[in-house]
$ cat query-v7.txt   # compact mmCIF, C-alpha atoms and all ligand atoms
# COMPACT_ATOMS: atom_id res chain seq x y z
CA VAL M 1 -39.79 -6.68 9.00
CA ILE M 2 -38.04 -4.76 6.23
CA GLY M 3 -34.33 -4.66 5.33
CA ILE M 4 -32.26 -3.45 2.40
CA GLU M 5 -30.83 -6.58 0.82
CA LEU M 6 -27.99 -6.75 -1.64
CA HIS M 7 -28.14 -9.59 -4.14
CA ALA M 8 -25.37 -10.53 -6.58
CA ASP M 9 -24.56 -13.45 -8.84
CA TRP M 10 -21.77 -15.88 -7.90
CA GLU M 11 -19.61 -15.82 -11.05
CA PRO M 12 -15.87 -16.03 -10.25
CA ARG M 13 -13.80 -14.16 -12.83
CA ASN M 14 -11.76 -16.15 -15.33
CA GLY M 15 -8.63 -17.24 -13.55
CA TYR M 16 -10.00 -16.73 -10.04
CA VAL M 17 -10.21 -20.05 -8.23
CA ALA M 18 -12.52 -19.89 -5.23
CA THR M 19 -11.36 -22.10 -2.35
CA GLY M 20 -13.54 -24.98 -1.16
CA ALA M 21 -14.49 -23.02 1.93
CA GLU M 22 -15.43 -20.00 -0.18
CA GLN M 23 -17.64 -22.09 -2.44
CA LEU M 24 -19.34 -23.71 0.51
CA SER M 25 -19.92 -20.58 2.59
CA ARG M 26 -20.10 -18.00 -0.23
CA ARG M 27 -17.97 -15.84 2.08
CA VAL M 28 -15.13 -14.48 -0.05
CA ASN M 29 -12.11 -12.32 0.76
CA LYS M 30 -12.03 -10.54 -2.61
CA GLY M 31 -15.59 -9.56 -3.45
CA SER M 32 -14.70 -7.85 -6.74
CA MET M 33 -13.31 -11.16 -8.10
CA VAL M 34 -16.57 -13.06 -7.65
CA TRP M 35 -19.77 -11.01 -7.36
CA ARG M 36 -21.55 -9.85 -10.49
CA ASN M 37 -24.67 -7.78 -11.21
CA PRO M 38 -25.19 -6.41 -7.69
CA GLN M 39 -28.65 -5.05 -6.91
CA ILE M 40 -30.19 -3.58 -3.77
CA ARG M 41 -33.87 -3.75 -2.85
CA PRO M 42 -36.13 -3.46 0.18
CA ALA M 43 -37.08 -6.99 1.22
CA VAL M 44 -38.91 -8.78 4.00
CA VAL M 45 -36.18 -10.21 6.25
CA PRO M 46 -36.26 -12.43 9.35
CA ASP M 47 -36.95 -10.76 12.68
CA PRO M 48 -33.68 -11.33 14.62
CA ALA M 49 -33.73 -13.10 17.99
CA PRO M 50 -30.83 -12.43 20.37
CA GLY M 51 -28.27 -15.13 21.13
CA GLU M 52 -27.10 -15.56 24.72
CA HIS M 53 -24.56 -12.70 24.49
CA GLN M 54 -26.46 -10.61 21.95
CA VAL M 55 -28.83 -7.68 22.05
CA VAL M 56 -31.40 -6.74 19.44
CA ILE M 57 -31.15 -3.08 18.48
CA GLU M 58 -34.07 -1.20 16.99
CA ILE M 59 -32.30 0.87 14.34
CA ALA M 60 -32.73 4.64 14.53
CA ALA M 61 -30.40 5.77 11.73
CA CYS M 62 -27.94 4.16 9.35
CA GLY M 63 -25.51 6.04 7.11
CA ILE M 64 -24.56 5.01 3.58
CA CYS M 65 -20.83 4.29 3.43
CA GLY M 66 -18.43 4.50 0.49
CA SER M 67 -18.08 0.73 0.87
CA ASP M 68 -21.86 0.33 0.47
CA MET M 69 -21.57 2.34 -2.76
CA HIS M 70 -18.68 0.13 -3.92
CA MET M 71 -20.78 -2.98 -3.29
CA TYR M 72 -23.65 -1.44 -5.26
CA GLU M 73 -21.58 -0.16 -8.20
CA CYS M 74 -19.86 -2.34 -10.79
CA ASP M 75 -17.14 -2.20 -13.43
CA ALA M 76 -17.58 -2.50 -17.20
CA GLU M 77 -17.97 -6.29 -16.94
CA GLY M 78 -20.63 -6.02 -14.25
CA TYR M 79 -18.39 -7.05 -11.34
CA MET M 80 -18.83 -5.37 -7.97
CA LEU M 81 -16.22 -2.67 -7.25
CA TYR M 82 -15.80 -3.53 -3.57
CA PRO M 83 -12.60 -5.60 -3.25
CA GLY M 84 -13.04 -6.95 0.30
CA LEU M 85 -14.67 -9.58 2.49
CA THR M 86 -18.33 -10.19 1.54
CA ARG M 87 -21.15 -12.74 1.45
CA PHE M 88 -24.47 -12.29 -0.37
CA PRO M 89 -27.40 -12.06 -0.31
CA ASN M 90 -27.14 -9.96 2.82
CA VAL M 91 -28.75 -6.97 4.52
CA ILE M 92 -26.16 -4.18 4.17
CA GLY M 93 -25.45 -1.17 6.42
CA HIS M 94 -22.94 -0.76 9.24
CA GLU M 95 -22.87 2.90 10.36
CA PHE M 96 -25.80 2.96 12.72
CA SER M 97 -27.38 3.84 16.01
CA GLY M 98 -30.46 2.65 17.82
CA ARG M 99 -32.14 1.48 21.00
CA VAL M 100 -31.66 -1.85 22.74
CA VAL M 101 -35.05 -3.60 22.71
CA GLU M 102 -34.18 -7.21 23.54
CA SER M 103 -31.33 -8.84 25.35
CA GLY M 104 -29.84 -12.36 25.66
CA SER M 105 -29.66 -14.11 29.01
CA ALA M 106 -25.90 -13.52 29.52
CA VAL M 107 -25.80 -9.84 28.54
CA ARG M 108 -24.42 -7.65 31.33
CA SER M 109 -23.03 -4.38 29.90
CA VAL M 110 -26.07 -2.84 28.18
CA ARG M 111 -29.71 -2.60 29.21
CA LEU M 112 -33.06 -2.35 27.51
CA GLY M 113 -33.65 1.20 26.34
CA ASP M 114 -29.95 2.14 26.07
CA LEU M 115 -29.02 4.25 23.04
CA VAL M 116 -26.09 2.54 21.37
CA THR M 117 -23.92 2.22 18.31
CA ALA M 118 -21.81 -0.84 17.50
CA GLU M 119 -18.59 -1.81 15.80
CA GLU M 120 -18.82 -3.16 12.27
CA MET M 121 -15.67 -5.27 12.66
CA GLN M 122 -16.91 -8.45 14.35
CA TRP M 123 -13.60 -9.65 15.82
CA CYS M 124 -13.50 -13.01 17.56
CA GLY M 125 -11.28 -12.26 20.56
CA ARG M 126 -9.72 -15.74 20.41
CA CYS M 127 -7.39 -15.83 17.38
CA ARG M 128 -3.68 -14.94 17.40
CA SER M 129 -4.29 -11.43 15.98
CA CYS M 130 -7.01 -10.61 18.50
CA ARG M 131 -4.87 -11.91 21.36
CA ARG M 132 -2.13 -9.50 20.27
CA GLY M 133 -4.69 -6.68 20.43
CA LEU M 134 -4.87 -6.44 16.63
CA PHE M 135 -8.65 -6.74 16.39
CA ASN M 136 -8.84 -5.13 12.94
CA ALA M 137 -6.67 -7.96 11.60
CA CYS M 138 -8.77 -10.73 13.25
CA ASP M 139 -8.22 -14.10 11.54
CA ASN M 140 -11.90 -15.03 11.90
CA LEU M 141 -13.34 -11.63 11.06
CA GLU M 142 -17.01 -11.22 10.20
CA GLU M 143 -18.26 -7.80 9.13
CA LEU M 144 -21.68 -6.42 9.96
CA GLY M 145 -23.44 -5.55 6.71
CA PHE M 146 -20.80 -7.37 4.62
CA THR M 147 -20.86 -11.01 5.74
CA VAL M 148 -23.54 -10.98 8.46
CA PRO M 149 -26.89 -9.11 8.47
CA GLY M 150 -26.44 -5.37 8.76
CA ALA M 151 -28.28 -2.28 9.91
CA MET M 152 -30.25 -0.98 6.92
CA ALA M 153 -33.19 -2.69 8.55
CA GLN M 154 -35.64 -2.24 11.40
CA TYR M 155 -33.66 -4.48 13.77
CA VAL M 156 -30.19 -5.96 14.04
CA ALA M 157 -28.74 -8.48 16.51
CA VAL M 158 -25.16 -7.89 17.74
CA ASP M 159 -22.96 -9.22 20.51
CA GLU M 160 -22.85 -6.86 23.49
CA LYS M 161 -19.03 -6.77 23.21
CA TYR M 162 -19.35 -4.59 20.07
CA CYS M 163 -21.82 -2.09 21.59
CA TRP M 164 -21.04 1.40 22.89
CA LYS M 165 -23.52 3.67 24.66
CA LEU M 166 -24.45 7.12 23.38
CA ALA M 167 -25.89 8.48 26.63
CA ASP M 168 -23.17 11.14 27.02
CA ILE M 169 -23.98 12.63 23.62
CA ALA M 170 -27.70 12.65 24.38
CA GLU M 171 -26.99 14.43 27.65
CA ARG M 172 -24.97 17.18 25.96
CA THR M 173 -27.30 17.74 23.01
CA GLY M 174 -30.44 17.37 25.10
CA SER M 175 -31.93 15.58 22.10
CA GLU M 176 -32.10 11.82 21.57
CA ARG M 177 -32.71 12.41 17.90
CA GLU M 178 -29.51 14.43 17.49
CA ALA M 179 -27.55 11.93 19.58
CA LEU M 180 -28.76 9.09 17.38
CA GLN M 181 -27.78 10.97 14.21
CA LEU M 182 -24.31 11.69 15.58
CA GLY M 183 -24.22 8.13 16.88
CA ALA M 184 -24.53 6.85 13.31
CA LEU M 185 -21.35 8.83 12.46
CA VAL M 186 -19.26 7.20 15.19
CA GLU M 187 -18.20 4.29 12.93
CA PRO M 188 -16.76 6.35 10.06
CA LEU M 189 -15.20 8.79 12.55
CA SER M 190 -13.59 5.80 14.25
CA VAL M 191 -12.13 4.53 10.98
CA ALA M 192 -10.41 7.90 10.55
CA TYR M 193 -9.36 8.03 14.22
CA ASN M 194 -7.73 4.60 13.92
CA ALA M 195 -5.64 5.73 10.95
CA VAL M 196 -4.67 9.21 12.11
CA PHE M 197 -4.11 8.68 15.87
CA VAL M 198 -3.70 4.95 16.48
CA ARG M 199 -1.84 3.54 13.49
CA ASN M 200 0.07 6.85 13.34
CA GLN M 201 1.37 7.45 16.84
CA HIS M 202 3.28 10.64 16.01
CA HIS M 203 0.48 13.19 16.27
CA GLN M 204 1.21 16.34 18.20
CA PRO M 205 -1.04 19.41 18.52
CA GLY M 206 0.28 22.01 16.11
CA ASN M 207 0.78 19.52 13.29
CA TYR M 208 -0.05 20.44 9.72
CA CYS M 209 -2.49 17.96 8.21
CA LEU M 210 -3.37 17.31 4.56
CA VAL M 211 -6.48 15.26 3.74
CA GLN M 212 -6.69 13.90 0.20
CA GLY M 213 -10.30 13.12 -0.71
CA ALA M 214 -13.23 14.67 1.17
CA GLY M 215 -15.65 11.78 1.09
CA PRO M 216 -17.02 10.68 4.47
CA ILE M 217 -13.71 9.27 5.74
CA GLY M 218 -11.73 12.28 4.51
CA LEU M 219 -14.24 14.64 6.11
CA ALA M 220 -14.11 12.63 9.33
CA SER M 221 -10.32 13.07 9.21
CA VAL M 222 -10.73 16.85 8.76
CA ALA M 223 -13.07 17.05 11.76
CA LEU M 224 -10.76 14.95 13.95
CA ALA M 225 -7.60 16.81 12.90
CA LEU M 226 -9.25 20.07 13.93
CA ALA M 227 -10.48 18.60 17.22
CA ALA M 228 -6.97 17.28 17.90
CA GLY M 229 -5.32 20.66 17.56
CA CYS M 230 -3.81 20.57 14.07
CA ALA M 231 -2.67 24.11 13.28
CA LEU M 232 -3.37 23.75 9.58
CA VAL M 233 -5.90 21.43 7.94
CA VAL M 234 -6.08 21.35 4.15
CA ALA M 235 -8.48 19.18 2.15
CA VAL M 236 -8.22 18.33 -1.55
CA GLU M 237 -11.38 17.17 -3.30
CA PRO M 238 -12.75 17.31 -6.87
CA ALA M 239 -16.51 17.42 -6.01
CA VAL M 240 -17.84 20.89 -5.23
CA GLY M 241 -20.52 19.58 -2.82
CA ARG M 242 -17.95 17.80 -0.71
CA ARG M 243 -15.57 20.78 -0.78
CA ARG M 244 -18.42 22.86 0.68
CA VAL M 245 -18.83 20.42 3.59
CA ALA M 246 -15.07 20.41 4.25
CA LYS M 247 -15.29 24.21 4.58
CA GLU M 248 -18.30 23.95 6.89
CA LEU M 249 -16.39 21.58 9.13
CA GLY M 250 -13.67 24.20 9.46
CA ALA M 251 -10.88 23.10 7.08
CA HIS M 252 -8.52 26.08 6.70
CA TYR M 253 -8.12 25.57 2.95
CA VAL M 254 -10.04 23.38 0.52
CA LEU M 255 -8.49 22.87 -2.92
CA GLU M 256 -9.34 21.17 -6.17
CA PRO M 257 -6.87 18.68 -7.61
CA ALA M 258 -4.64 20.41 -10.19
CA ASP M 259 -1.29 19.91 -11.92
CA ASP M 260 0.51 22.43 -9.73
CA LEU M 261 -1.14 21.16 -6.55
CA ASP M 262 2.12 20.26 -4.81
CA GLU M 263 3.42 23.81 -5.39
CA ASN M 264 0.28 25.30 -3.83
CA LEU M 265 0.31 22.89 -0.92
CA LEU M 266 3.94 23.61 -0.13
CA HIS M 267 3.16 27.33 -0.22
CA LEU M 268 0.30 26.91 2.29
CA THR M 269 2.75 25.32 4.73
CA ARG M 270 5.25 28.16 4.18
CA GLY M 271 7.59 25.60 2.68
CA GLN M 272 7.54 23.38 5.77
CA GLY M 273 5.43 20.50 4.44
CA PHE M 274 2.74 18.40 6.11
CA ASP M 275 3.26 16.30 9.24
CA ILE M 276 0.17 14.15 8.58
CA VAL M 277 -1.13 13.15 5.16
CA VAL M 278 -4.41 11.23 4.99
CA GLU M 279 -5.06 9.28 1.79
CA ALA M 280 -8.86 8.98 1.78
CA ALA M 281 -9.37 9.31 -1.97
CA GLY M 282 -8.58 5.74 -2.92
CA ALA M 283 -6.35 7.06 -5.70
CA PRO M 284 -2.81 6.88 -4.26
CA THR M 285 -1.07 7.13 -7.63
CA LEU M 286 -2.70 10.55 -8.03
CA THR M 287 -2.55 11.68 -4.42
CA LEU M 288 0.68 10.27 -2.96
CA THR M 289 3.06 9.83 -5.88
CA PRO M 290 3.28 13.59 -6.70
CA LEU M 291 3.46 14.62 -3.05
CA GLU M 292 7.04 13.99 -2.00
CA ARG M 293 8.03 17.67 -1.88
CA CYS M 294 5.20 18.38 0.58
CA LEU M 295 6.30 16.02 3.34
CA SER M 296 7.72 17.51 6.51
CA PRO M 297 10.49 15.68 8.35
CA ASN M 298 8.97 12.67 10.18
CA ALA M 299 5.79 12.93 8.07
CA ALA M 300 3.16 10.23 8.59
CA ILE M 301 1.12 9.06 5.60
CA CYS M 302 -2.10 7.39 6.70
CA HIS M 303 -3.51 5.19 3.94
CA ILE M 304 -7.25 4.50 4.37
CA GLY M 305 -8.73 4.78 0.85
CA ARG M 306 -9.30 1.46 -0.92
CA SER M 307 -7.62 0.87 -4.26
CA ASN M 308 -6.40 -2.03 -6.33
CA GLY M 309 -3.03 -2.18 -8.03
CA LEU M 310 0.43 -0.77 -7.35
CA THR M 311 1.45 2.73 -6.25
CA PRO M 312 4.88 4.03 -7.36
CA LEU M 313 6.53 5.95 -4.51
CA ASN M 314 9.98 7.51 -4.51
CA LEU M 315 11.20 5.92 -1.29
CA GLU M 316 14.48 7.83 -1.53
CA ALA M 317 12.50 10.99 -0.79
CA TYR M 318 10.75 9.20 2.08
CA GLN M 319 14.12 8.21 3.53
CA ARG M 320 15.42 11.76 3.36
CA ARG M 321 12.30 12.92 5.18
CA SER M 322 12.23 10.02 7.67
CA ALA M 323 8.64 9.56 6.54
CA GLN M 324 6.42 6.60 7.29
CA VAL M 325 3.38 5.08 5.63
CA TYR M 326 0.67 3.55 7.81
CA ALA M 327 -1.88 1.23 6.25
CA ALA M 328 -5.12 1.31 8.20
CA GLN M 329 -8.47 -0.42 8.05
CA GLY M 330 -11.23 -0.80 10.59
CA HIS M 331 -11.92 0.85 13.90
CA ALA M 332 -11.81 -1.79 16.62
CA GLY M 333 -9.74 -1.81 19.81
CA ASN M 334 -7.58 0.87 21.44
CA GLY M 335 -10.57 2.65 22.96
CA ILE M 336 -11.39 4.24 19.62
CA PHE M 337 -15.21 4.12 19.72
CA PRO M 338 -15.45 5.46 23.29
CA SER M 339 -12.90 8.21 22.52
CA VAL M 340 -14.93 9.37 19.51
CA ILE M 341 -18.11 9.32 21.61
CA ARG M 342 -16.37 11.41 24.30
CA LEU M 343 -15.21 13.93 21.71
CA LEU M 344 -18.73 14.24 20.28
CA ALA M 345 -20.20 14.54 23.78
CA SER M 346 -17.71 17.24 24.76
CA GLY M 347 -18.62 19.32 21.72
CA GLN M 348 -14.97 19.41 20.63
CA LEU M 349 -15.58 17.18 17.61
CA ILE M 350 -17.95 18.85 15.15
CA ALA M 351 -19.30 16.26 12.70
CA GLY M 352 -22.98 17.20 12.21
CA PRO M 353 -22.40 19.11 8.93
CA MET M 354 -21.33 15.81 7.32
CA ILE M 355 -25.00 14.73 7.14
CA ASN M 356 -26.55 16.16 3.97
CA GLU M 357 -29.97 14.56 4.05
CA LEU M 358 -32.10 11.84 5.63
CA PHE M 359 -34.06 9.27 3.61
CA SER M 360 -36.57 6.67 4.71
CA LEU M 361 -35.46 3.02 4.65
CA GLU M 362 -37.73 2.28 1.68
CA ASP M 363 -36.12 5.15 -0.26
CA ALA M 364 -32.62 3.67 0.08
CA PRO M 365 -32.44 2.94 -3.69
CA ILE M 366 -33.06 6.67 -4.37
CA ALA M 367 -30.30 7.67 -1.97
CA PHE M 368 -27.87 5.17 -3.54
CA ARG M 369 -28.61 6.53 -7.02
CA ARG M 370 -28.02 10.09 -5.81
CA LEU M 371 -24.70 9.19 -4.20
CA ARG M 372 -23.32 7.95 -7.51
CA SER M 373 -22.34 11.57 -8.28
CA ARG M 374 -20.20 11.71 -5.08
CA GLN M 375 -21.36 15.27 -4.35
CA ASP M 376 -22.92 14.52 -0.96
CA ALA M 377 -20.87 13.71 2.12
CA LYS M 378 -23.23 11.49 4.10
CA LEU M 379 -26.75 10.44 3.19
CA MET M 380 -28.42 8.73 6.09
CA LEU M 381 -31.43 6.42 6.31
CA HIS M 382 -33.80 7.14 9.18
CA VAL M 383 -35.64 4.11 10.41
CA ASN M 384 -37.06 4.88 13.84
CA LEU M 385 -35.35 8.16 14.63
ZN ZN M 401 -18.12 2.17 6.34
ZN ZN M 402 -9.86 -12.81 16.08

$ encode --input "query-v7.txt" --output "structure tokens"
Amino acid sequence: VIGIELHADWEPRNGYVATGAEQLSRRVNKGSMVWRNPQIRPAVVPDPAPGEHQVVIEIAACGICGSDMHMYECDAEGYMLYPGLTRFPNVIGHEFSGRVVESGSAVRSVRLGDLVTAEEMQWCGRCRSCRRGLFNACDNLEELGFTVPGAMAQYVAVDEKYCWKLADIAERTGSEREALQLGALVEPLSVAYNAVFVRNQHHQPGNYCLVQGAGPIGLASVALALAAGCALVVAVEPAVGRRRVAKELGAHYVLEPADDLDENLLHLTRGQGFDIVVEAAGAPTLTLTPLERCLSPNAAICHIGRSNGLTPLNLEAYQRRSAQVYAAQGHAGNGIFPSVIRLLASGQLIAGPMINELFSLEDAPIAFRRLRSRQDAKLMLHVNL
């Protein structure tokens, strides 16, 4: 069977000392310090067999994530941009949906034929973090499509404990195909949900929400903010294609970054400032540092974009505003996946316009090349849709 494999050379940067465990397993916490010359290509990969607690899912659709792009793209010295947990070579892809076609002997919660999606964060459930309910901070984390084989393939094997059924969406749309497309958006929507409504526990309907960066996670934040009753949703994004999608999703205002942005933003809130600020641009020195005048009292800043380096913030202004910054990654726990599925099934969460175009699995390299311009929101691979 076919899968999209990412290969890269193991060449730790000068000064980076890989631990013994990292050298042995090739599983590293800081991918951008080690992996060089990344390349993706369709390859023949092993046909997965389910473990006792696993199911094999026949993939229907798999979206291309910003993280996939960051694993594929490199800096001037040829090092991978993605700064996180990785092991290569590996089949990538983690935003997917499909049908259960095989099941291990101990599986109880899903059946053959079920339409499902699954969590990318493969938390263990046994470590100290997991036992505190902090699954996204699992001490033994594996990540589907980063350290273990992912979903840009015909089949993937996952533990049943990560699977969530899509039947409710299929029932509402009356179309399995549409349910499977929306199902492949549940993961990125859940990443945004975790930041905006779980890490930040201050949301109230009527809030004013600012989303910085309208890539997939920013757009997911726009869609969720609208579904959750924000009275004003403003997106800021440099790429015209992505600004168009933000408008289609229903953002009230969509702006380009500019020098007098904070003035304009403050004006849109009638001088009251934003209650929720989502950093989904991965450029906090550009998006958060100039923003202090636009924070409402008790403002929540939800930081999801990935960036290296330090961000200067005037914490005096944050104190005066009683503002808080929430750092968020992942999507596991707290009923996030099932809540997103409910919202899609109810029709309250409109996410379909995020999908710009579908490509076949074999054409993944074409889709990756096109996404380099960052004009599209979500390009999706269809496998058996
Ligand atoms: Zn992702
Ligand atoms: Zn754990």

$ atom_distance --input "query-v7.txt" --atom1 "CA of Ala327 in chain M" --atom2 "CA of His303 in chain M"
4.9 Å

$ closest_residue --input "query-v7.txt" --among "M:Tyr208, M:Tyr155, M:Phe146, M:Phe96" --to "Tyr72 in chain M" --atoms "only C-alpha atoms"
M:Phe146

$ residues_near_ligand --input "query-v7.txt" --ligand "ligand ZN 402 (chain M)" --cutoff "8 Å" --atoms "all atoms listed in the file" --output "list of chain:residue names"
M:Trp123, M:Cys124, M:Gly125, M:Arg126, M:Cys127, M:Arg128, M:Ser129, M:Cys130, M:Arg131, M:Phe135, M:Ala137, M:Cys138, M:Asp139, M:Asn140, M:Leu141

$ write_last_selection --input "query-v7.txt" --atoms "C-alpha atoms" --output "PDB file, in the frame of the given file"
ATOM      1  CA  TRP M 123     -13.600  -9.650  15.820  1.00  0.00           C
ATOM      2  CA  CYS M 124     -13.500 -13.010  17.560  1.00  0.00           C
ATOM      3  CA  GLY M 125     -11.280 -12.260  20.560  1.00  0.00           C
ATOM      4  CA  ARG M 126      -9.720 -15.740  20.410  1.00  0.00           C
ATOM      5  CA  CYS M 127      -7.390 -15.830  17.380  1.00  0.00           C
ATOM      6  CA  ARG M 128      -3.680 -14.940  17.400  1.00  0.00           C
ATOM      7  CA  SER M 129      -4.290 -11.430  15.980  1.00  0.00           C
ATOM      8  CA  CYS M 130      -7.010 -10.610  18.500  1.00  0.00           C
ATOM      9  CA  ARG M 131      -4.870 -11.910  21.360  1.00  0.00           C
ATOM     10  CA  PHE M 135      -8.650  -6.740  16.390  1.00  0.00           C
ATOM     11  CA  ALA M 137      -6.670  -7.960  11.600  1.00  0.00           C
ATOM     12  CA  CYS M 138      -8.770 -10.730  13.250  1.00  0.00           C
ATOM     13  CA  ASP M 139      -8.220 -14.100  11.540  1.00  0.00           C
ATOM     14  CA  ASN M 140     -11.900 -15.030  11.900  1.00  0.00           C
ATOM     15  CA  LEU M 141     -13.340 -11.630  11.060  1.00  0.00           C
TER      16      LEU M 141
END

$ residues_near_ligand --input "query-v7.txt" --ligand "ligand ZN 401 (chain M)" --cutoff "9 Å" --atoms "all atoms listed in the file" --output "PyMOL selection string"
chain M and resi 63-68+93-95+120+187-188+191+216-217+330

$ closest_residue --input "query-v7.txt" --among "M:Lys30, M:Arg36, M:Arg374, M:Arg41" --to "Ala76 in chain M" --atoms "all atoms listed in the file"
M:Arg36

$ closest_residue --input "query-v7.txt" --among "M:His202, M:Arg293, M:Arg99, M:Arg172" --to "Tyr326 in chain M" --atoms "only C-alpha atoms"
M:His202

$ closest_residue --input "query-v7.txt" --among "M:Ile92, M:Leu266, M:Cys302, M:Ala18" --to "Gly218 in chain M" --atoms "only C-alpha atoms"
M:Cys302

$ build_atoms --input "query-v7.txt" --residues "range 154-167 of chain M" --atoms "N, CA, C and O atoms" --output "PDB file, keeping the file's coordinate frame"
ATOM      1  N   GLN M 154     -34.967  -2.729  10.197  1.00  0.00           N
ATOM      2  CA  GLN M 154     -35.640  -2.240  11.400  1.00  0.00           C
ATOM      3  C   GLN M 154     -34.942  -2.713  12.671  1.00  0.00           C
ATOM      4  O   GLN M 154     -34.918  -2.016  13.676  1.00  0.00           O
ATOM      5  N   TYR M 155     -34.339  -3.916  12.601  1.00  0.00           N
ATOM      6  CA  TYR M 155     -33.660  -4.480  13.770  1.00  0.00           C
ATOM      7  C   TYR M 155     -32.374  -5.164  13.346  1.00  0.00           C
ATOM      8  O   TYR M 155     -32.279  -5.680  12.231  1.00  0.00           O
ATOM      9  N   VAL M 156     -31.398  -5.183  14.266  1.00  0.00           N
ATOM     10  CA  VAL M 156     -30.190  -5.960  14.040  1.00  0.00           C
ATOM     11  C   VAL M 156     -29.776  -6.596  15.364  1.00  0.00           C
ATOM     12  O   VAL M 156     -29.986  -6.004  16.431  1.00  0.00           O
ATOM     13  N   ALA M 157     -29.234  -7.814  15.304  1.00  0.00           N
ATOM     14  CA  ALA M 157     -28.740  -8.480  16.510  1.00  0.00           C
ATOM     15  C   ALA M 157     -27.217  -8.409  16.510  1.00  0.00           C
ATOM     16  O   ALA M 157     -26.581  -8.743  15.511  1.00  0.00           O
ATOM     17  N   VAL M 158     -26.623  -7.931  17.626  1.00  0.00           N
ATOM     18  CA  VAL M 158     -25.160  -7.890  17.740  1.00  0.00           C
ATOM     19  C   VAL M 158     -24.739  -8.317  19.139  1.00  0.00           C
ATOM     20  O   VAL M 158     -25.478  -8.143  20.112  1.00  0.00           O
ATOM     21  N   ASP M 159     -23.533  -8.845  19.226  1.00  0.00           N
ATOM     22  CA  ASP M 159     -22.960  -9.220  20.510  1.00  0.00           C
ATOM     23  C   ASP M 159     -22.744  -7.953  21.345  1.00  0.00           C
ATOM     24  O   ASP M 159     -22.323  -6.923  20.821  1.00  0.00           O
ATOM     25  N   GLU M 160     -23.014  -8.047  22.631  1.00  0.00           N
ATOM     26  CA  GLU M 160     -22.850  -6.860  23.490  1.00  0.00           C
ATOM     27  C   GLU M 160     -21.414  -6.337  23.473  1.00  0.00           C
ATOM     28  O   GLU M 160     -21.177  -5.154  23.701  1.00  0.00           O
ATOM     29  N   LYS M 161     -20.434  -7.211  23.156  1.00  0.00           N
ATOM     30  CA  LYS M 161     -19.030  -6.770  23.210  1.00  0.00           C
ATOM     31  C   LYS M 161     -18.695  -5.762  22.115  1.00  0.00           C
ATOM     32  O   LYS M 161     -17.635  -5.142  22.168  1.00  0.00           O
ATOM     33  N   TYR M 162     -19.580  -5.599  21.121  1.00  0.00           N
ATOM     34  CA  TYR M 162     -19.350  -4.590  20.070  1.00  0.00           C
ATOM     35  C   TYR M 162     -20.110  -3.289  20.333  1.00  0.00           C
ATOM     36  O   TYR M 162     -19.990  -2.355  19.556  1.00  0.00           O
ATOM     37  N   CYS M 163     -20.920  -3.236  21.381  1.00  0.00           N
ATOM     38  CA  CYS M 163     -21.820  -2.090  21.590  1.00  0.00           C
ATOM     39  C   CYS M 163     -21.186  -0.996  22.440  1.00  0.00           C
ATOM     40  O   CYS M 163     -20.460  -1.282  23.398  1.00  0.00           O
ATOM     41  N   TRP M 164     -21.486   0.236  22.110  1.00  0.00           N
ATOM     42  CA  TRP M 164     -21.040   1.400  22.890  1.00  0.00           C
ATOM     43  C   TRP M 164     -22.220   2.341  23.085  1.00  0.00           C
ATOM     44  O   TRP M 164     -22.946   2.628  22.146  1.00  0.00           O
ATOM     45  N   LYS M 165     -22.357   2.843  24.319  1.00  0.00           N
ATOM     46  CA  LYS M 165     -23.520   3.670  24.660  1.00  0.00           C
ATOM     47  C   LYS M 165     -23.339   5.123  24.211  1.00  0.00           C
ATOM     48  O   LYS M 165     -22.226   5.654  24.240  1.00  0.00           O
ATOM     49  N   LEU M 166     -24.453   5.741  23.879  1.00  0.00           N
ATOM     50  CA  LEU M 166     -24.450   7.120  23.380  1.00  0.00           C
ATOM     51  C   LEU M 166     -25.024   8.104  24.395  1.00  0.00           C
ATOM     52  O   LEU M 166     -25.271   9.266  24.058  1.00  0.00           O
ATOM     53  N   ALA M 167     -25.202   7.650  25.637  1.00  0.00           N
ATOM     54  CA  ALA M 167     -25.890   8.480  26.630  1.00  0.00           C
ATOM     55  C   ALA M 167     -25.223   9.842  26.819  1.00  0.00           C
ATOM     56  O   ALA M 167     -25.904  10.864  26.973  1.00  0.00           O
TER      57      ALA M 167
END
